[in-house]
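Down below is the structure, laid out as C-alpha cells.
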Amino acid sequence: MSTQTFNADHLISDRVKHIEASGIRAIWEMAQKCTDPIDLSIGQPDFLVPEAIKSAAIDAITNNCNGYSKTHGIEPLVERIASYCADAFGWDCSEGGSESLMVTSGTAGALTLACLAILNPGDEIIIPDPYFLIYPTLATIAGATAVPCLTYPSFKMTVESIKKLITPNTKAVILNSPSNPTGVVYTTEEVNALVECCESHGILLITDEIYDEFVFTPATFASPATHSRNVLLIRGFGKTYGCTGWRLGFAAGPKAIISEMMKLQQQTYVCAPTPFQHGVLQSFDTDLSSLVNQFTTRRDMVVDYLSPVTELATPEGAFYAFPKVPDHLGISATEFVHRCIENDLLVIQGSIFSSKDTHIRLSFATPDDKLEQGLTKLANLMQ
Ligand code: PMP
C-alpha cells in the first residue's frame, strides 16, 4: 500500500490547466455586491419557449420517449433538417448523398465534436477576434492552436486578413455570422469570398450560425452553405426558441467529417436529449417575425443611446452590441466594467472575447424597460 497522500490537484491535466475559467462567471461573482443590478451581461433569450414546442417535449416525456435516440437524432427531426438543407442549400443528406447531418447536444456540442474530429496537436484553426469565448478553448482541448484574426473596427474577417494567417498547419476557419459578441452580419459577397478562399486552400470553413434567425432589416442573412458543399454548418435551437437549457443543435456538411463526429458523439454524449428533440421538431413551423421586430427595436435603442457617445459598429444581428470604451476616459474595458458594476450595471469587458481590452459587450436580450435604464447609465458613464 502506497503511503503517498491523495492530492487531487496533482491529477489535473495540463490541457485543463491551460483553460481559463469563464470571465463571465467572474462578473457574476462581482455582481453579487450589487443590490438590484441591471443585467446586460447575459446572452440568453428573455422570451418564453413557444407553447407548441413546450407541449411536444412534455408529450414526448409523457409518452415515454425518454430513452436514447439514434446517435444522429430521432428520425423525424433528422428528416426535417435534411429537407431544410435540401431546400436551402441543395444538399443531399440522405443515405447515399455526399452530405450528412446529426443532431447535437447544443451548438457547443457540435463545435466540440467538429474540433475533435479535424484537429491534430500542432494544427491551427483561424478564429475571428473578437470571438465567441469557447473557440480558443476548443482548439486547446484538441491540442491545436487558435489563430486569432484581428477584425477591429469592422469586426469582419476578409480574404486578405485570412490569407496572411494561413500556414501549412491550418485546418479550418470559424465564421460566426451574426456574431457574438459584435452583432455584425456578413454579406453574401463577404461570405462567398471567404468560403472560396478556404476551399482553394483545402481548409474547412466551419460556420457557426446559431443566431441565423436574428437578423435586422435591411441586413439579410447569408450562409456559405448556399455557395459551397465544403462547409461545416452548425446551428442551434436554444437561442432561437428560448430553450438554451435543452442543449440542442445540429451539424451538417461533408459526410466524411460528419461520420467522424458521429463516432465521437456515440462514445461521448451518446445522443442529444431525446424528449427535447421531439420538442424542437415543432420549431420549424414557428413564426419569429414579431420577436425579430422586437429585437430590431431594441437594437435601435442601443444605437440611439450609444452612437452619440462612442464608436459602435451597428449590430445587424444576434442580440449583442460591442461599443468601444471612449478613449477620453483613459481606462481599459476591464476598469470601465468595474465602474459599471459600482453603478449596478452589468456588462462584460472585451478582453473576455479578444486579445484587446478596449470594448465592452452588452446583450439586448433584456426587457425594454431594463434595457433603457441600462443604456441611460451606460451613456452617462461613457460621457
Ligand atoms: N456559438 C455562439 C456564437 C454562441 O454565442 C453560443 C452561445 N452563447 C454557442 C455557440 C453555444 O450555444 P449552445 O447553447 O447551443 O451550445
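Labels for the C-alpha cells follow display order: chains A, B, ..., residues from 1 in each chain, ligands from 1.
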Problem - 7 Å contact set for segment 66-73 of chain A, only C-alpha atoms, chain neighbours under 5 positions out, as a PyMOL selection string - result: chain A and resi 61+78+102-103+262+265-266+270-272+274-275
Write as a PDB file with all heavy atoms, in the first residue's frame the residues around ligand 1, taking 9 Å as the cut-off and counting only C-alpha atoms and all ligand atoms.
```
ATOM      1  N   ILE A  42     -26.013  38.967 -19.916  1.00  0.00           N
ATOM      2  CA  ILE A  42     -26.373  37.576 -20.222  1.00  0.00           C
ATOM      3  C   ILE A  42     -26.835  37.392 -21.658  1.00  0.00           C
ATOM      4  O   ILE A  42     -27.745  38.078 -22.118  1.00  0.00           O
ATOM      5  CB  ILE A  42     -27.464  37.077 -19.239  1.00  0.00           C
ATOM      6  CG1 ILE A  42     -26.878  37.074 -17.828  1.00  0.00           C
ATOM      7  CG2 ILE A  42     -27.948  35.689 -19.606  1.00  0.00           C
ATOM      8  CD1 ILE A  42     -27.795  36.512 -16.786  1.00  0.00           C
ATOM      9  N   GLY A  43     -26.201  36.458 -22.332  1.00  0.00           N
ATOM     10  CA  GLY A  43     -26.562  36.161 -23.721  1.00  0.00           C
ATOM     11  C   GLY A  43     -27.618  35.086 -23.772  1.00  0.00           C
ATOM     12  O   GLY A  43     -27.439  34.048 -24.406  1.00  0.00           O
ATOM     13  N   GLN A  44     -28.703  35.329 -23.078  1.00  0.00           N
ATOM     14  CA  GLN A  44     -29.756  34.312 -23.005  1.00  0.00           C
ATOM     15  C   GLN A  44     -31.092  34.960 -23.352  1.00  0.00           C
ATOM     16  O   GLN A  44     -31.417  36.008 -22.812  1.00  0.00           O
ATOM     17  CB  GLN A  44     -29.779  33.765 -21.580  1.00  0.00           C
ATOM     18  CG  GLN A  44     -30.923  32.843 -21.298  1.00  0.00           C
ATOM     19  CD  GLN A  44     -30.494  31.652 -20.459  1.00  0.00           C
ATOM     20  OE1 GLN A  44     -30.022  30.660 -20.991  1.00  0.00           O
ATOM     21  NE2 GLN A  44     -30.655  31.754 -19.163  1.00  0.00           N
ATOM     22  N   THR A 104     -27.118  17.482 -32.281  1.00  0.00           N
ATOM     23  CA  THR A 104     -26.039  17.518 -31.288  1.00  0.00           C
ATOM     24  C   THR A 104     -26.531  18.098 -29.959  1.00  0.00           C
ATOM     25  O   THR A 104     -27.594  18.706 -29.899  1.00  0.00           O
ATOM     26  CB  THR A 104     -24.881  18.397 -31.806  1.00  0.00           C
ATOM     27  OG1 THR A 104     -25.414  19.689 -32.118  1.00  0.00           O
ATOM     28  CG2 THR A 104     -24.232  17.792 -33.037  1.00  0.00           C
ATOM     29  N   SER A 105     -25.721  17.922 -28.933  1.00  0.00           N
ATOM     30  CA  SER A 105     -26.047  18.489 -27.625  1.00  0.00           C
ATOM     31  C   SER A 105     -25.634  19.960 -27.616  1.00  0.00           C
ATOM     32  O   SER A 105     -24.564  20.334 -27.142  1.00  0.00           O
ATOM     33  CB  SER A 105     -25.314  17.727 -26.518  1.00  0.00           C
ATOM     34  OG  SER A 105     -25.857  16.441 -26.413  1.00  0.00           O
ATOM     35  N   GLY A 106     -26.476  20.768 -28.190  1.00  0.00           N
ATOM     36  CA  GLY A 106     -26.198  22.201 -28.291  1.00  0.00           C
ATOM     37  C   GLY A 106     -25.262  22.509 -29.443  1.00  0.00           C
ATOM     38  O   GLY A 106     -24.663  21.608 -30.053  1.00  0.00           O
ATOM     39  N   THR A 107     -25.179  23.790 -29.726  1.00  0.00           N
ATOM     40  CA  THR A 107     -24.230  24.258 -30.733  1.00  0.00           C
ATOM     41  C   THR A 107     -22.813  24.001 -30.226  1.00  0.00           C
ATOM     42  O   THR A 107     -21.930  23.602 -30.990  1.00  0.00           O
ATOM     43  CB  THR A 107     -24.432  25.772 -30.942  1.00  0.00           C
ATOM     44  OG1 THR A 107     -25.823  26.027 -31.021  1.00  0.00           O
ATOM     45  CG2 THR A 107     -23.758  26.250 -32.195  1.00  0.00           C
ATOM     46  N   ALA A 108     -22.632  24.193 -28.922  1.00  0.00           N
ATOM     47  CA  ALA A 108     -21.316  23.949 -28.326  1.00  0.00           C
ATOM     48  C   ALA A 108     -20.915  22.487 -28.508  1.00  0.00           C
ATOM     49  O   ALA A 108     -19.744  22.190 -28.785  1.00  0.00           O
ATOM     50  CB  ALA A 108     -21.336  24.326 -26.858  1.00  0.00           C
ATOM     51  N   GLY A 109     -21.887  21.577 -28.383  1.00  0.00           N
ATOM     52  CA  GLY A 109     -21.597  20.156 -28.585  1.00  0.00           C
ATOM     53  C   GLY A 109     -21.113  19.899 -30.010  1.00  0.00           C
ATOM     54  O   GLY A 109     -20.150  19.157 -30.236  1.00  0.00           O
ATOM     55  N   ALA A 110     -21.782  20.537 -30.973  1.00  0.00           N
ATOM     56  CA  ALA A 110     -21.388  20.354 -32.380  1.00  0.00           C
ATOM     57  C   ALA A 110     -19.991  20.922 -32.631  1.00  0.00           C
ATOM     58  O   ALA A 110     -19.160  20.296 -33.305  1.00  0.00           O
ATOM     59  CB  ALA A 110     -22.403  21.040 -33.302  1.00  0.00           C
ATOM     60  N   LEU A 111     -19.718  22.095 -32.066  1.00  0.00           N
ATOM     61  CA  LEU A 111     -18.401  22.709 -32.259  1.00  0.00           C
ATOM     62  C   LEU A 111     -17.301  21.850 -31.634  1.00  0.00           C
ATOM     63  O   LEU A 111     -16.224  21.681 -32.205  1.00  0.00           O
ATOM     64  CB  LEU A 111     -18.376  24.111 -31.626  1.00  0.00           C
ATOM     65  CG  LEU A 111     -19.172  25.195 -32.365  1.00  0.00           C
ATOM     66  CD1 LEU A 111     -19.413  26.405 -31.455  1.00  0.00           C
ATOM     67  CD2 LEU A 111     -18.434  25.647 -33.631  1.00  0.00           C
ATOM     68  N   TYR A 131     -14.036  36.952 -30.579  1.00  0.00           N
ATOM     69  CA  TYR A 131     -14.569  35.615 -30.854  1.00  0.00           C
ATOM     70  C   TYR A 131     -15.557  35.203 -29.763  1.00  0.00           C
ATOM     71  O   TYR A 131     -15.560  35.760 -28.665  1.00  0.00           O
ATOM     72  CB  TYR A 131     -13.421  34.596 -30.869  1.00  0.00           C
ATOM     73  CG  TYR A 131     -12.440  34.777 -29.733  1.00  0.00           C
ATOM     74  CD1 TYR A 131     -12.719  34.337 -28.445  1.00  0.00           C
ATOM     75  CD2 TYR A 131     -11.220  35.433 -29.941  1.00  0.00           C
ATOM     76  CE1 TYR A 131     -11.834  34.526 -27.406  1.00  0.00           C
ATOM     77  CE2 TYR A 131     -10.316  35.634 -28.894  1.00  0.00           C
ATOM     78  CZ  TYR A 131     -10.633  35.178 -27.636  1.00  0.00           C
ATOM     79  OH  TYR A 131      -9.760  35.384 -26.594  1.00  0.00           O
ATOM     80  N   PHE A 132     -16.372  34.201 -30.075  1.00  0.00           N
ATOM     81  CA  PHE A 132     -17.190  33.557 -29.034  1.00  0.00           C
ATOM     82  C   PHE A 132     -16.217  32.790 -28.144  1.00  0.00           C
ATOM     83  O   PHE A 132     -15.361  32.054 -28.646  1.00  0.00           O
ATOM     84  CB  PHE A 132     -18.221  32.630 -29.679  1.00  0.00           C
ATOM     85  CG  PHE A 132     -18.949  31.770 -28.684  1.00  0.00           C
ATOM     86  CD1 PHE A 132     -19.494  32.319 -27.532  1.00  0.00           C
ATOM     87  CD2 PHE A 132     -19.084  30.406 -28.904  1.00  0.00           C
ATOM     88  CE1 PHE A 132     -20.151  31.525 -26.610  1.00  0.00           C
ATOM     89  CE2 PHE A 132     -19.747  29.603 -27.987  1.00  0.00           C
ATOM     90  CZ  PHE A 132     -20.280  30.162 -26.837  1.00  0.00           C
ATOM     91  N   LEU A 133     -16.368  32.948 -26.832  1.00  0.00           N
ATOM     92  CA  LEU A 133     -15.275  32.597 -25.942  1.00  0.00           C
ATOM     93  C   LEU A 133     -14.843  31.136 -25.933  1.00  0.00           C
ATOM     94  O   LEU A 133     -13.723  30.839 -25.548  1.00  0.00           O
ATOM     95  CB  LEU A 133     -15.511  33.137 -24.529  1.00  0.00           C
ATOM     96  CG  LEU A 133     -16.384  32.417 -23.524  1.00  0.00           C
ATOM     97  CD1 LEU A 133     -16.266  33.114 -22.186  1.00  0.00           C
ATOM     98  CD2 LEU A 133     -17.820  32.357 -23.940  1.00  0.00           C
ATOM     99  N   ILE A 134     -15.672  30.219 -26.399  1.00  0.00           N
ATOM    100  CA  ILE A 134     -15.207  28.821 -26.354  1.00  0.00           C
ATOM    101  C   ILE A 134     -14.307  28.448 -27.538  1.00  0.00           C
ATOM    102  O   ILE A 134     -13.679  27.399 -27.515  1.00  0.00           O
ATOM    103  CB  ILE A 134     -16.357  27.791 -26.210  1.00  0.00           C
ATOM    104  CG1 ILE A 134     -17.160  27.621 -27.495  1.00  0.00           C
ATOM    105  CG2 ILE A 134     -17.265  28.112 -25.033  1.00  0.00           C
ATOM    106  CD1 ILE A 134     -18.112  26.399 -27.439  1.00  0.00           C
ATOM    107  N   TYR A 135     -14.239  29.277 -28.578  1.00  0.00           N
ATOM    108  CA  TYR A 135     -13.438  28.862 -29.749  1.00  0.00           C
ATOM    109  C   TYR A 135     -11.975  28.550 -29.391  1.00  0.00           C
ATOM    110  O   TYR A 135     -11.467  27.480 -29.759  1.00  0.00           O
ATOM    111  CB  TYR A 135     -13.484  29.910 -30.868  1.00  0.00           C
ATOM    112  CG  TYR A 135     -14.842  30.164 -31.503  1.00  0.00           C
ATOM    113  CD1 TYR A 135     -15.061  31.335 -32.239  1.00  0.00           C
ATOM    114  CD2 TYR A 135     -15.894  29.258 -31.406  1.00  0.00           C
ATOM    115  CE1 TYR A 135     -16.287  31.596 -32.838  1.00  0.00           C
ATOM    116  CE2 TYR A 135     -17.120  29.519 -31.997  1.00  0.00           C
ATOM    117  CZ  TYR A 135     -17.315  30.688 -32.709  1.00  0.00           C
ATOM    118  OH  TYR A 135     -18.524  30.948 -33.301  1.00  0.00           O
ATOM    119  N   ASN A 176     -18.538  33.249 -37.759  1.00  0.00           N
ATOM    120  CA  ASN A 176     -19.710  33.348 -36.879  1.00  0.00           C
ATOM    121  C   ASN A 176     -20.500  34.596 -37.264  1.00  0.00           C
ATOM    122  O   ASN A 176     -20.143  35.706 -36.890  1.00  0.00           O
ATOM    123  CB  ASN A 176     -19.249  33.402 -35.408  1.00  0.00           C
ATOM    124  CG  ASN A 176     -20.376  33.646 -34.427  1.00  0.00           C
ATOM    125  OD1 ASN A 176     -20.207  34.359 -33.440  1.00  0.00           O
ATOM    126  ND2 ASN A 176     -21.534  33.075 -34.668  1.00  0.00           N
ATOM    127  N   SER A 177     -21.531  34.391 -38.053  1.00  0.00           N
ATOM    128  CA  SER A 177     -22.363  35.499 -38.522  1.00  0.00           C
ATOM    129  C   SER A 177     -23.822  35.066 -38.440  1.00  0.00           C
ATOM    130  O   SER A 177     -24.157  33.999 -38.962  1.00  0.00           O
ATOM    131  CB  SER A 177     -22.002  35.834 -39.967  1.00  0.00           C
ATOM    132  OG  SER A 177     -22.907  36.772 -40.515  1.00  0.00           O
ATOM    133  N   PRO A 178     -24.673  35.866 -37.773  1.00  0.00           N
ATOM    134  CA  PRO A 178     -24.423  37.028 -36.930  1.00  0.00           C
ATOM    135  C   PRO A 178     -23.489  36.672 -35.772  1.00  0.00           C
ATOM    136  O   PRO A 178     -23.504  35.547 -35.293  1.00  0.00           O
ATOM    137  CB  PRO A 178     -25.800  37.398 -36.405  1.00  0.00           C
ATOM    138  CG  PRO A 178     -26.775  36.798 -37.371  1.00  0.00           C
ATOM    139  CD  PRO A 178     -26.125  35.560 -37.873  1.00  0.00           C
ATOM    140  N   SER A 179     -22.723  37.666 -35.363  1.00  0.00           N
ATOM    141  CA  SER A 179     -21.621  37.395 -34.451  1.00  0.00           C
ATOM    142  C   SER A 179     -21.929  37.664 -32.980  1.00  0.00           C
ATOM    143  O   SER A 179     -22.586  38.634 -32.630  1.00  0.00           O
ATOM    144  CB  SER A 179     -20.431  38.258 -34.872  1.00  0.00           C
ATOM    145  OG  SER A 179     -19.613  38.569 -33.777  1.00  0.00           O
ATOM    146  N   ASN A 180     -21.436  36.778 -32.149  1.00  0.00           N
ATOM    147  CA  ASN A 180     -21.289  37.020 -30.723  1.00  0.00           C
ATOM    148  C   ASN A 180     -19.792  37.265 -30.545  1.00  0.00           C
ATOM    149  O   ASN A 180     -19.014  36.385 -30.902  1.00  0.00           O
ATOM    150  CB  ASN A 180     -21.715  35.773 -29.938  1.00  0.00           C
ATOM    151  CG  ASN A 180     -21.525  35.921 -28.440  1.00  0.00           C
ATOM    152  OD1 ASN A 180     -21.175  36.979 -27.958  1.00  0.00           O
ATOM    153  ND2 ASN A 180     -21.756  34.828 -27.718  1.00  0.00           N
ATOM    154  N   PRO A 181     -19.301  38.393 -30.078  1.00  0.00           N
ATOM    155  CA  PRO A 181     -20.001  39.411 -29.307  1.00  0.00           C
ATOM    156  C   PRO A 181     -20.334  40.698 -30.059  1.00  0.00           C
ATOM    157  O   PRO A 181     -20.809  41.636 -29.422  1.00  0.00           O
ATOM    158  CB  PRO A 181     -18.950  39.749 -28.237  1.00  0.00           C
ATOM    159  CG  PRO A 181     -17.653  39.701 -28.985  1.00  0.00           C
ATOM    160  CD  PRO A 181     -17.832  38.569 -29.980  1.00  0.00           C
ATOM    161  N   ASP A 208     -20.647  28.888 -37.778  1.00  0.00           N
ATOM    162  CA  ASP A 208     -21.465  28.854 -36.562  1.00  0.00           C
ATOM    163  C   ASP A 208     -22.616  29.833 -36.764  1.00  0.00           C
ATOM    164  O   ASP A 208     -22.443  31.041 -36.667  1.00  0.00           O
ATOM    165  CB  ASP A 208     -20.578  29.236 -35.368  1.00  0.00           C
ATOM    166  CG  ASP A 208     -21.355  29.311 -34.049  1.00  0.00           C
ATOM    167  OD1 ASP A 208     -22.605  29.263 -34.069  1.00  0.00           O
ATOM    168  OD2 ASP A 208     -20.701  29.433 -32.994  1.00  0.00           O
ATOM    169  N   GLU A 209     -23.786  29.280 -37.048  1.00  0.00           N
ATOM    170  CA  GLU A 209     -24.946  30.106 -37.413  1.00  0.00           C
ATOM    171  C   GLU A 209     -26.025  30.075 -36.336  1.00  0.00           C
ATOM    172  O   GLU A 209     -27.223  30.080 -36.627  1.00  0.00           O
ATOM    173  CB  GLU A 209     -25.484  29.633 -38.774  1.00  0.00           C
ATOM    174  CG  GLU A 209     -24.406  29.705 -39.842  1.00  0.00           C
ATOM    175  CD  GLU A 209     -24.870  29.315 -41.249  1.00  0.00           C
ATOM    176  OE1 GLU A 209     -26.057  28.955 -41.418  1.00  0.00           O
ATOM    177  OE2 GLU A 209     -24.031  29.352 -42.170  1.00  0.00           O
ATOM    178  N   ILE A 210     -25.599  30.065 -35.104  1.00  0.00           N
ATOM    179  CA  ILE A 210     -26.566  29.951 -34.011  1.00  0.00           C
ATOM    180  C   ILE A 210     -27.563  31.108 -33.990  1.00  0.00           C
ATOM    181  O   ILE A 210     -28.687  30.955 -33.542  1.00  0.00           O
ATOM    182  CB  ILE A 210     -25.837  29.798 -32.652  1.00  0.00           C
ATOM    183  CG1 ILE A 210     -26.821  29.598 -31.510  1.00  0.00           C
ATOM    184  CG2 ILE A 210     -24.923  30.964 -32.354  1.00  0.00           C
ATOM    185  CD1 ILE A 210     -26.200  29.186 -30.204  1.00  0.00           C
ATOM    186  N   TYR A 211     -27.171  32.281 -34.506  1.00  0.00           N
ATOM    187  CA  TYR A 211     -28.081  33.439 -34.483  1.00  0.00           C
ATOM    188  C   TYR A 211     -28.724  33.704 -35.846  1.00  0.00           C
ATOM    189  O   TYR A 211     -29.124  34.831 -36.126  1.00  0.00           O
ATOM    190  CB  TYR A 211     -27.313  34.686 -34.006  1.00  0.00           C
ATOM    191  CG  TYR A 211     -26.750  34.530 -32.610  1.00  0.00           C
ATOM    192  CD1 TYR A 211     -25.382  34.297 -32.406  1.00  0.00           C
ATOM    193  CD2 TYR A 211     -27.577  34.576 -31.497  1.00  0.00           C
ATOM    194  CE1 TYR A 211     -24.866  34.128 -31.134  1.00  0.00           C
ATOM    195  CE2 TYR A 211     -27.073  34.400 -30.213  1.00  0.00           C
ATOM    196  CZ  TYR A 211     -25.721  34.178 -30.040  1.00  0.00           C
ATOM    197  OH  TYR A 211     -25.210  34.010 -28.771  1.00  0.00           O
ATOM    198  N   ILE A 234     -23.164  24.660 -38.635  1.00  0.00           N
ATOM    199  CA  ILE A 234     -23.550  24.365 -37.256  1.00  0.00           C
ATOM    200  C   ILE A 234     -24.627  25.356 -36.818  1.00  0.00           C
ATOM    201  O   ILE A 234     -24.450  26.567 -36.953  1.00  0.00           O
ATOM    202  CB  ILE A 234     -22.317  24.417 -36.321  1.00  0.00           C
ATOM    203  CG1 ILE A 234     -21.356  23.286 -36.692  1.00  0.00           C
ATOM    204  CG2 ILE A 234     -22.747  24.321 -34.855  1.00  0.00           C
ATOM    205  CD1 ILE A 234     -20.135  23.164 -35.837  1.00  0.00           C
ATOM    206  N   ARG A 235     -25.730  24.829 -36.375  1.00  0.00           N
ATOM    207  CA  ARG A 235     -26.824  25.690 -35.914  1.00  0.00           C
ATOM    208  C   ARG A 235     -27.348  25.218 -34.566  1.00  0.00           C
ATOM    209  O   ARG A 235     -27.090  24.084 -34.161  1.00  0.00           O
ATOM    210  CB  ARG A 235     -27.976  25.687 -36.934  1.00  0.00           C
ATOM    211  CG  ARG A 235     -27.601  26.411 -38.204  1.00  0.00           C
ATOM    212  CD  ARG A 235     -28.774  27.114 -38.816  1.00  0.00           C
ATOM    213  NE  ARG A 235     -28.360  27.729 -40.071  1.00  0.00           N
ATOM    214  CZ  ARG A 235     -29.162  27.954 -41.100  1.00  0.00           C
ATOM    215  NH1 ARG A 235     -30.435  27.594 -41.028  1.00  0.00           N
ATOM    216  NH2 ARG A 235     -28.715  28.541 -42.188  1.00  0.00           N
ATOM    217  N   GLY A 236     -28.109  26.099 -33.926  1.00  0.00           N
ATOM    218  CA  GLY A 236     -28.636  25.747 -32.606  1.00  0.00           C
ATOM    219  C   GLY A 236     -30.114  26.079 -32.516  1.00  0.00           C
ATOM    220  O   GLY A 236     -30.619  26.894 -33.287  1.00  0.00           O
ATOM    221  N   PHE A 237     -30.781  25.458 -31.576  1.00  0.00           N
ATOM    222  CA  PHE A 237     -32.203  25.746 -31.345  1.00  0.00           C
ATOM    223  C   PHE A 237     -32.390  26.616 -30.101  1.00  0.00           C
ATOM    224  O   PHE A 237     -33.403  27.274 -29.948  1.00  0.00           O
ATOM    225  CB  PHE A 237     -32.983  24.431 -31.148  1.00  0.00           C
ATOM    226  CG  PHE A 237     -33.009  23.557 -32.379  1.00  0.00           C
ATOM    227  CD1 PHE A 237     -32.097  22.540 -32.558  1.00  0.00           C
ATOM    228  CD2 PHE A 237     -33.967  23.779 -33.372  1.00  0.00           C
ATOM    229  CE1 PHE A 237     -32.124  21.733 -33.695  1.00  0.00           C
ATOM    230  CE2 PHE A 237     -34.003  22.984 -34.504  1.00  0.00           C
ATOM    231  CZ  PHE A 237     -33.076  21.960 -34.672  1.00  0.00           C
ATOM    232  N   GLY A 238     -31.422  26.597 -29.207  1.00  0.00           N
ATOM    233  CA  GLY A 238     -31.587  27.190 -27.882  1.00  0.00           C
ATOM    234  C   GLY A 238     -31.853  28.681 -27.890  1.00  0.00           C
ATOM    235  O   GLY A 238     -32.786  29.165 -27.247  1.00  0.00           O
ATOM    236  N   LYS A 239     -31.035  29.432 -28.623  1.00  0.00           N
ATOM    237  CA  LYS A 239     -31.196  30.888 -28.625  1.00  0.00           C
ATOM    238  C   LYS A 239     -32.461  31.268 -29.381  1.00  0.00           C
ATOM    239  O   LYS A 239     -33.167  32.196 -29.008  1.00  0.00           O
ATOM    240  CB  LYS A 239     -29.993  31.550 -29.310  1.00  0.00           C
ATOM    241  CG  LYS A 239     -28.674  31.223 -28.675  1.00  0.00           C
ATOM    242  CD  LYS A 239     -28.332  32.148 -27.537  1.00  0.00           C
ATOM    243  CE  LYS A 239     -27.004  31.695 -26.945  1.00  0.00           C
ATOM    244  NZ  LYS A 239     -26.436  32.608 -25.991  1.00  0.00           N
ATOM    245  N   CYS A 243     -34.781  28.078 -25.508  1.00  0.00           N
ATOM    246  CA  CYS A 243     -34.616  26.830 -24.744  1.00  0.00           C
ATOM    247  C   CYS A 243     -33.136  26.435 -24.673  1.00  0.00           C
ATOM    248  O   CYS A 243     -32.786  25.295 -24.971  1.00  0.00           O
ATOM    249  CB  CYS A 243     -35.458  25.715 -25.364  1.00  0.00           C
ATOM    250  SG  CYS A 243     -35.159  25.443 -27.120  1.00  0.00           S
ATOM    251  N   THR A 244     -32.308  27.380 -24.244  1.00  0.00           N
ATOM    252  CA  THR A 244     -30.861  27.106 -24.198  1.00  0.00           C
ATOM    253  C   THR A 244     -30.533  25.901 -23.306  1.00  0.00           C
ATOM    254  O   THR A 244     -29.574  25.180 -23.579  1.00  0.00           O
ATOM    255  CB  THR A 244     -30.092  28.344 -23.690  1.00  0.00           C
ATOM    256  OG1 THR A 244     -30.756  28.840 -22.530  1.00  0.00           O
ATOM    257  CG2 THR A 244     -30.031  29.438 -24.732  1.00  0.00           C
ATOM    258  N   GLY A 245     -31.353  25.706 -22.262  1.00  0.00           N
ATOM    259  CA  GLY A 245     -31.084  24.597 -21.336  1.00  0.00           C
ATOM    260  C   GLY A 245     -31.422  23.227 -21.909  1.00  0.00           C
ATOM    261  O   GLY A 245     -31.076  22.203 -21.306  1.00  0.00           O
ATOM    262  N   TRP A 246     -32.081  23.190 -23.039  1.00  0.00           N
ATOM    263  CA  TRP A 246     -32.404  21.889 -23.641  1.00  0.00           C
ATOM    264  C   TRP A 246     -31.202  21.262 -24.345  1.00  0.00           C
ATOM    265  O   TRP A 246     -31.208  20.091 -24.667  1.00  0.00           O
ATOM    266  CB  TRP A 246     -33.557  22.034 -24.651  1.00  0.00           C
ATOM    267  CG  TRP A 246     -34.886  22.272 -24.021  1.00  0.00           C
ATOM    268  CD1 TRP A 246     -35.152  22.543 -22.714  1.00  0.00           C
ATOM    269  CD2 TRP A 246     -36.145  22.254 -24.706  1.00  0.00           C
ATOM    270  NE1 TRP A 246     -36.514  22.698 -22.533  1.00  0.00           N
ATOM    271  CE2 TRP A 246     -37.141  22.526 -23.743  1.00  0.00           C
ATOM    272  CE3 TRP A 246     -36.534  22.044 -26.021  1.00  0.00           C
ATOM    273  CZ2 TRP A 246     -38.495  22.572 -24.065  1.00  0.00           C
ATOM    274  CZ3 TRP A 246     -37.878  22.102 -26.345  1.00  0.00           C
ATOM    275  CH2 TRP A 246     -38.845  22.366 -25.373  1.00  0.00           C
ATOM    276  N   ARG A 247     -30.209  22.097 -24.625  1.00  0.00           N
ATOM    277  CA  ARG A 247     -28.965  21.654 -25.244  1.00  0.00           C
ATOM    278  C   ARG A 247     -29.199  20.962 -26.594  1.00  0.00           C
ATOM    279  O   ARG A 247     -28.967  19.766 -26.759  1.00  0.00           O
ATOM    280  CB  ARG A 247     -28.179  20.699 -24.304  1.00  0.00           C
ATOM    281  CG  ARG A 247     -28.038  21.155 -22.879  1.00  0.00           C
ATOM    282  CD  ARG A 247     -27.373  22.531 -22.769  1.00  0.00           C
ATOM    283  NE  ARG A 247     -26.157  22.618 -23.535  1.00  0.00           N
ATOM    284  CZ  ARG A 247     -25.895  23.641 -24.377  1.00  0.00           C
ATOM    285  NH1 ARG A 247     -26.739  24.650 -24.550  1.00  0.00           N
ATOM    286  NH2 ARG A 247     -24.769  23.648 -25.049  1.00  0.00           N
ATOM    287  N   LEU A 248     -29.667  21.727 -27.551  1.00  0.00           N
ATOM    288  CA  LEU A 248     -29.905  21.130 -28.865  1.00  0.00           C
ATOM    289  C   LEU A 248     -29.374  22.000 -30.001  1.00  0.00           C
ATOM    290  O   LEU A 248     -29.575  23.216 -30.027  1.00  0.00           O
ATOM    291  CB  LEU A 248     -31.398  20.921 -29.089  1.00  0.00           C
ATOM    292  CG  LEU A 248     -31.989  19.679 -28.442  1.00  0.00           C
ATOM    293  CD1 LEU A 248     -33.476  19.622 -28.702  1.00  0.00           C
ATOM    294  CD2 LEU A 248     -31.333  18.406 -28.952  1.00  0.00           C
ATOM    295  N   GLY A 249     -28.700  21.346 -30.920  1.00  0.00           N
ATOM    296  CA  GLY A 249     -28.225  21.990 -32.131  1.00  0.00           C
ATOM    297  C   GLY A 249     -28.072  20.928 -33.198  1.00  0.00           C
ATOM    298  O   GLY A 249     -28.464  19.772 -32.991  1.00  0.00           O
ATOM    299  N   ALA A 318     -27.967  38.927 -34.172  1.00  0.00           N
ATOM    300  CA  ALA A 318     -27.784  38.394 -32.807  1.00  0.00           C
ATOM    301  C   ALA A 318     -28.446  39.337 -31.805  1.00  0.00           C
ATOM    302  O   ALA A 318     -29.380  40.063 -32.174  1.00  0.00           O
ATOM    303  CB  ALA A 318     -26.312  38.152 -32.489  1.00  0.00           C
TER     304      ALA A 318
END
```
Practice task
Write down as an NGL selection string the residues of segment 54-227 of chain A whose backbone DSSP state falls under helix (DSSP H, G or I).
Solution key: :A and (54-62 or 75-89 or 106-118 or 134-141 or 159-163 or 188-200 or 224-226)
Practice task
Going by DSSP on the backbone, which bits of segment 234-328 of chain A are strand (DSSP E)? Write them as a list of chain:residue names, please.
Solution key: A:Ile234, A:Arg235, A:Gly236, A:Gly249, A:Phe250, A:Ala251, A:Ala252, A:Gly253, A:Pro254, A:Tyr320, A:Ala321
Problem - Distance in Å - atom CA of Val231 of chain A versus atom CA of Glu124 of chain A - result: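 Going from atom CA of Val231 of chain A over to atom CA of Glu124 of chain A, I get 17.0 Å.
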Practice task
Please provide as a list in words all residues within 10 Å of Ile257 of chain A, with the sequence filter that same-chain residues fewer than 6 positions apart are discarded (counting only C-alpha atoms).
Solution key: Glu99, Ser100, Leu101, Leu113, Ala114, Ala117, Ile118, Leu204 and Leu232 of chain A
